[in-house]
Amino acid sequence: MCGIVGAIGDRNVLPVLLDGLQKLEYRGYDSAGVAVRDGSGELKRFRSLGKVAALKGLVEQSDITGDLGIAHTRWATHGVPAERNAHPHMSGVRVAVVHNGIIENHKELRDQLIAKGYSFTSETDTEVIAHLMADKLETGQSLREATINTAAELDGAYALAASSPEDADRIIVTREGSPLVIGLGEGENFIASDVAALLSVTRNFIFLEEGDVAEVRRDGVIIYDASGDEVDRPVKESVLSNSSIDKGPYEHYMLKEIYEQPGVISETLEGRIHNGRLLEASFGHETTALLDKAKHVQIIACGTSYHAGLVAKYWFEEAGISCNVEVASEYRYRKAVVPQGSLLMTISQSGETADTLAALKGSRSQGYIGSLTVCNVPESSLVRESDVSLMTRAGTEIGVASTKAFTTQLVALRLLTIALARRNGLTSEQEEVMVNELDALPRQVEVVLQLADEIQMMAGDFSDKQNALFLGRGPFYPVAMEGALKLKEISYIHAEAYPAGELKHGPLALVDESMPVVCALPDDPLLEKVLSNLQEVRARGGELFLFSDHKVEIDLDRYQNLMLSDIYPGTAPIVYSIPLQLLAYHVALIKGTDVDQPRNLAKSVTVE
Ligand code: G6P
């Protein structure tokens, strides 16, 4: 995985590189490093274990500057988090490389290089790239030729940047399966894993395509496609703003993002509903034409986005269209039978998740009528690779634990539900009800956010717990899954979600006085059944933490209940997700974990 940045100009580029790395920490943060060409023309490397702030401290202690450099923030795959495994990797002093991706044949390559006399100082797959390049430079190849010929020997995914003291005027980059953008400046140019890293220096970007190789120089960029021909790639102006990545008055990005939800939900609805009607034309002609043909929907996603897909399955099937949902890492490796008229739908915050992208690419030969992505990043690979997209407008999400991206995904999926239901006999009265529910949603979310103090009190009862169970039925089962995921990823409490009716088939054995059980209890047709399931928990001493709306009467001997105001059935899964986000946040706060960057995780998983 990891994030890479590079810069070449006539000024000291170290601040640009370090700032860029910090913006890329969502891709990994277990170690970081930078190599710059200093005044003497040599490559000077700094590496450190831990976050980019540690690297910054190290760099600040030296007086080295450089006008060309490459840098990296790492999420360990091959080799433990350690300084020796941090990038850039070098072969002697001849070449430095930074790499995002995984080289699957690194073992064979390593053996061949060792046989040739190269010695390795790390356990990474990346170090083979540095030595392969040095081997080719040795034979008189240029840095570009060495990069192309090295890439030809690699199996796997990579975005890589290389610099050599023998070539003071260029950084060579190439990509296959991992993203890479070029940022264009005046007399200086940049590269990065994504635009967010470079917004403080440019708004103009070129997105490299699979197999592209680029020479990034001070005075321009030359791009060659996979067959070696020089090509023009379009320059795109980014609409993202640098300020959207500030924490503002909040202690953590996650909290800021939780509180942004009323606003970003409104933005996601803007121009798409009006006067009780879905404005389907806002989806674009190609999307509506695809929806016309869709008889079945296959949703593919990972993590939180997968949970959004699971909620949508309930919605789509109520709208009369069959739907399957699968995690991308499973889907991509199995033989799927695709029913006629199937639409492939991916859901992703980043649009860069490797498994989701691979599943999309693999689906092209499977007979789908087309692909639609529900995504948050307009410039992402998934948007570019899909036939059509429906953008969520959550803005930049920094907290590793996804919050506002999830609820805006659900809003976009609800809009698609209305569109699909229209094709299955939805009356205008029914449509008006569904649209009005969405219209009321930002205000309802605001009201729930006002319960933060009570949720904080509840969180106190979790801080000494090792385990927690989250229960739900119907669309509230995936809501429970998302609540459990939030709690485990940021508080490190083991949390598991179960469909409440399945409890008696195993997990009830775990329930005793030390097991908190969290449950969303909306006023819906399954309420009585869930209450019976909760009786089973109480009878075994389990501690109940319930979230319900006003109309629900609870007949249990002991529980804590947080009452939400009256909520509409169509959007209830969205509203009920908010207190679960806040609960996880406050438990993590009490436990003193790294809320925005929990251990071992990364925001965007760009490797398998
Ligand atoms: C990582 C993140 C999750 C996210 C998942 C899928 O695991 O930590 O928050 O849900 O990737 O990412 P995507 O960008 O495709 O939604």
# chains A, B, ... in the order shown; residues from 1 in each chain; ligands from 1
call {"tool": "residues_around", "arguments": {"residues": "A:Asp523", "least_positions_apart": "6", "cutoff": "12 Å", "atoms": "only C-alpha atoms", "output": "VMD selection string"}}
result
chain A and resid 473 476 529 to 531 547 to 554 563 to 570 572 to 573 576
call {"tool": "residues_around", "arguments": {"residues": "A:Ala328", "least_positions_apart": "6", "cutoff": "10 Å", "atoms": "only C-alpha atoms", "output": "PyMOL selection string"}}
result
chain A and resi 299-303+306+346+353-360
call {"tool": "write_last_selection", "arguments": {"atoms": "C-alpha atoms", "output": "mmCIF file, in the first residue's frame"}}
result
data_model
loop_
_atom_site.group_PDB
_atom_site.id
_atom_site.type_symbol
_atom_site.label_atom_id
_atom_site.label_comp_id
_atom_site.auth_asym_id
_atom_site.auth_seq_id
_atom_site.Cartn_x
_atom_site.Cartn_y
_atom_site.Cartn_z
ATOM 1 C CA ILE A 299 -22.755 -4.938 -5.403
ATOM 2 C CA ILE A 300 -19.008 -5.244 -4.747
ATOM 3 C CA ALA A 301 -17.197 -3.325 -2.013
ATOM 4 C CA CYS A 302 -14.891 -3.606 1.015
ATOM 5 C CA GLY A 303 -15.079 -2.606 4.685
ATOM 6 C CA TYR A 306 -19.528 -3.232 1.936
ATOM 7 C CA THR A 346 -19.133 -0.850 -6.792
ATOM 8 C CA THR A 353 -9.301 0.019 -3.105
ATOM 9 C CA ALA A 354 -7.274 -2.592 -4.949
ATOM 10 C CA ASP A 355 -9.704 -5.494 -4.506
ATOM 11 C CA THR A 356 -12.708 -3.454 -5.631
ATOM 12 C CA LEU A 357 -10.844 -2.194 -8.675
ATOM 13 C CA ALA A 358 -9.668 -5.691 -9.564
ATOM 14 C CA ALA A 359 -13.218 -7.054 -9.205
ATOM 15 C CA LEU A 360 -14.477 -4.308 -11.516
#
call {"tool": "closest_atom_pairs", "arguments": {"of": "chain A", "to": "ligand 1", "cutoff": "6 Å", "atoms": "only C-alpha atoms and all ligand atoms", "output": "tab-separated table"}}
result
residue	atom	partner	partner_atom_place_in_ligand_line	distance
A:Cys302	CA	ligand 1	6 (C)	4.5
A:Gly303	CA	ligand 1	10 (O)	3.9
A:Thr304	CA	ligand 1	10 (O)	3.7
A:Ser305	CA	ligand 1	16 (O)	4.8
A:Ser348	CA	ligand 1	16 (O)	3.4
A:Gln349	CA	ligand 1	16 (O)	3.7
A:Ser350	CA	ligand 1	14 (O)	3.5
A:Gly351	CA	ligand 1	14 (O)	5.5
A:Thr353	CA	ligand 1	15 (O)	4.6
A:Val400	CA	ligand 1	8 (O)	5.0
A:Ala401	CA	ligand 1	9 (O)	4.8
A:Ser402	CA	ligand 1	9 (O)	4.4
A:Ala602	CA	ligand 1	8 (O)	5.3
A:Lys603	CA	ligand 1	8 (O)	4.1
A:Ser604	CA	ligand 1	11 (O)	5.1
A:Val605	CA	ligand 1	11 (O)	5.4
call {"tool": "write_last_selection", "arguments": {"atoms": "N, CA and C atoms", "output": "PDB file, in the first residue's frame"}}
result
ATOM      1  N   CYS A 302     -15.687  -3.138  -0.128  1.00  0.00           N
ATOM      2  CA  CYS A 302     -14.891  -3.606   1.015  1.00  0.00           C
ATOM      3  C   CYS A 302     -15.228  -2.767   2.250  1.00  0.00           C
ATOM      4  N   GLY A 303     -15.001  -3.346   3.419  1.00  0.00           N
ATOM      5  CA  GLY A 303     -15.079  -2.606   4.685  1.00  0.00           C
ATOM      6  C   GLY A 303     -16.419  -1.931   4.888  1.00  0.00           C
ATOM      7  N   THR A 304     -16.341  -0.679   5.298  1.00  0.00           N
ATOM      8  CA  THR A 304     -17.556   0.092   5.550  1.00  0.00           C
ATOM      9  C   THR A 304     -18.428   0.194   4.301  1.00  0.00           C
ATOM     10  N   SER A 305     -17.800   0.340   3.148  1.00  0.00           N
ATOM     11  CA  SER A 305     -18.571   0.460   1.899  1.00  0.00           C
ATOM     12  C   SER A 305     -19.368  -0.823   1.636  1.00  0.00           C
ATOM     13  N   SER A 348     -17.351   2.728  -2.982  1.00  0.00           N
ATOM     14  CA  SER A 348     -16.024   2.984  -2.421  1.00  0.00           C
ATOM     15  C   SER A 348     -15.881   4.448  -2.043  1.00  0.00           C
ATOM     16  N   GLN A 349     -15.332   4.688  -0.881  1.00  0.00           N
ATOM     17  CA  GLN A 349     -15.020   6.067  -0.511  1.00  0.00           C
ATOM     18  C   GLN A 349     -13.894   6.572  -1.396  1.00  0.00           C
ATOM     19  N   SER A 350     -12.780   5.855  -1.375  1.00  0.00           N
ATOM     20  CA  SER A 350     -11.558   6.348  -2.032  1.00  0.00           C
ATOM     21  C   SER A 350     -11.566   6.175  -3.539  1.00  0.00           C
ATOM     22  N   GLY A 351     -12.226   5.116  -3.990  1.00  0.00           N
ATOM     23  CA  GLY A 351     -12.145   4.781  -5.417  1.00  0.00           C
ATOM     24  C   GLY A 351     -10.808   4.163  -5.792  1.00  0.00           C
ATOM     25  N   THR A 353      -9.485   1.304  -3.789  1.00  0.00           N
ATOM     26  CA  THR A 353      -9.301   0.019  -3.105  1.00  0.00           C
ATOM     27  C   THR A 353      -8.963  -1.065  -4.122  1.00  0.00           C
ATOM     28  N   VAL A 400      -9.390   7.294   9.602  1.00  0.00           N
ATOM     29  CA  VAL A 400      -9.356   5.950   9.009  1.00  0.00           C
ATOM     30  C   VAL A 400     -10.721   5.271   9.158  1.00  0.00           C
ATOM     31  N   ALA A 401     -11.366   5.489  10.301  1.00  0.00           N
ATOM     32  CA  ALA A 401     -12.705   4.919  10.494  1.00  0.00           C
ATOM     33  C   ALA A 401     -13.699   5.781   9.718  1.00  0.00           C
ATOM     34  N   SER A 402     -14.318   5.173   8.743  1.00  0.00           N
ATOM     35  CA  SER A 402     -15.200   5.930   7.843  1.00  0.00           C
ATOM     36  C   SER A 402     -16.516   6.276   8.538  1.00  0.00           C
ATOM     37  N   ALA A 602      -5.059   1.317   7.567  1.00  0.00           N
ATOM     38  CA  ALA A 602      -4.829   2.436   6.649  1.00  0.00           C
ATOM     39  C   ALA A 602      -6.168   2.809   6.061  1.00  0.00           C
ATOM     40  N   LYS A 603      -6.258   4.025   5.618  1.00  0.00           N
ATOM     41  CA  LYS A 603      -7.543   4.506   5.109  1.00  0.00           C
ATOM     42  C   LYS A 603      -7.860   3.905   3.753  1.00  0.00           C
ATOM     43  N   SER A 604      -6.858   3.847   2.918  1.00  0.00           N
ATOM     44  CA  SER A 604      -7.115   3.402   1.561  1.00  0.00           C
ATOM     45  C   SER A 604      -6.230   2.189   1.295  1.00  0.00           C
ATOM     46  N   VAL A 605      -6.858   1.061   0.995  1.00  0.00           N
ATOM     47  CA  VAL A 605      -6.097  -0.179   0.902  1.00  0.00           C
ATOM     48  C   VAL A 605      -5.821  -0.479  -0.573  1.00  0.00           C
TER      49      VAL A 605
END
call {"tool": "select_by_dssp", "arguments": {"residues": "stretch 9-221 of chain A", "states": "strand (DSSP E)", "output": "ChimeraX atom specification"}}
result
/A:31-37,43-49,68-74,89-91,95-103,156-164,167-176,181-184,189-192,204-207,213-217,220-221
call {"tool": "residues_around", "arguments": {"residues": "stretch 277-283 of chain A", "least_positions_apart": "4", "cutoff": "10 Å", "atoms": "only C-alpha atoms", "output": "list in words"}}
result
Leu269, Glu270, Gly271, Arg272, Ile273, Thr287, Thr288, Val388, Ser389, Leu390, Met391, Leu415, Leu416, Ile418, Ala419, Arg422, Ser428, Glu429, Glu431, Glu432, Val433, Met434, Val435 and Asn436 of chain A
call {"tool": "residues_around", "arguments": {"residues": "A:Ala405", "least_positions_apart": "2", "cutoff": "8 Å", "atoms": "only C-alpha atoms", "output": "MDAnalysis selection string"}}
result
chainID A and resid 349 376 392 394 397 402:403 407:409
call {"tool": "select_by_dssp", "arguments": {"residues": "stretch 391-575 of chain A", "states": "helix (DSSP H, G or I)", "output": "number ranges by chain"}}
result
A: 404-422, 428-449, 452-459, 476-491, 500-505, 507-510, 527-539, 569-575
call {"tool": "atom_distance", "arguments": {"atom1": "atom CA of A:Gly211", "atom2": "atom CA of A:Val128"}}
result
19.2 Å
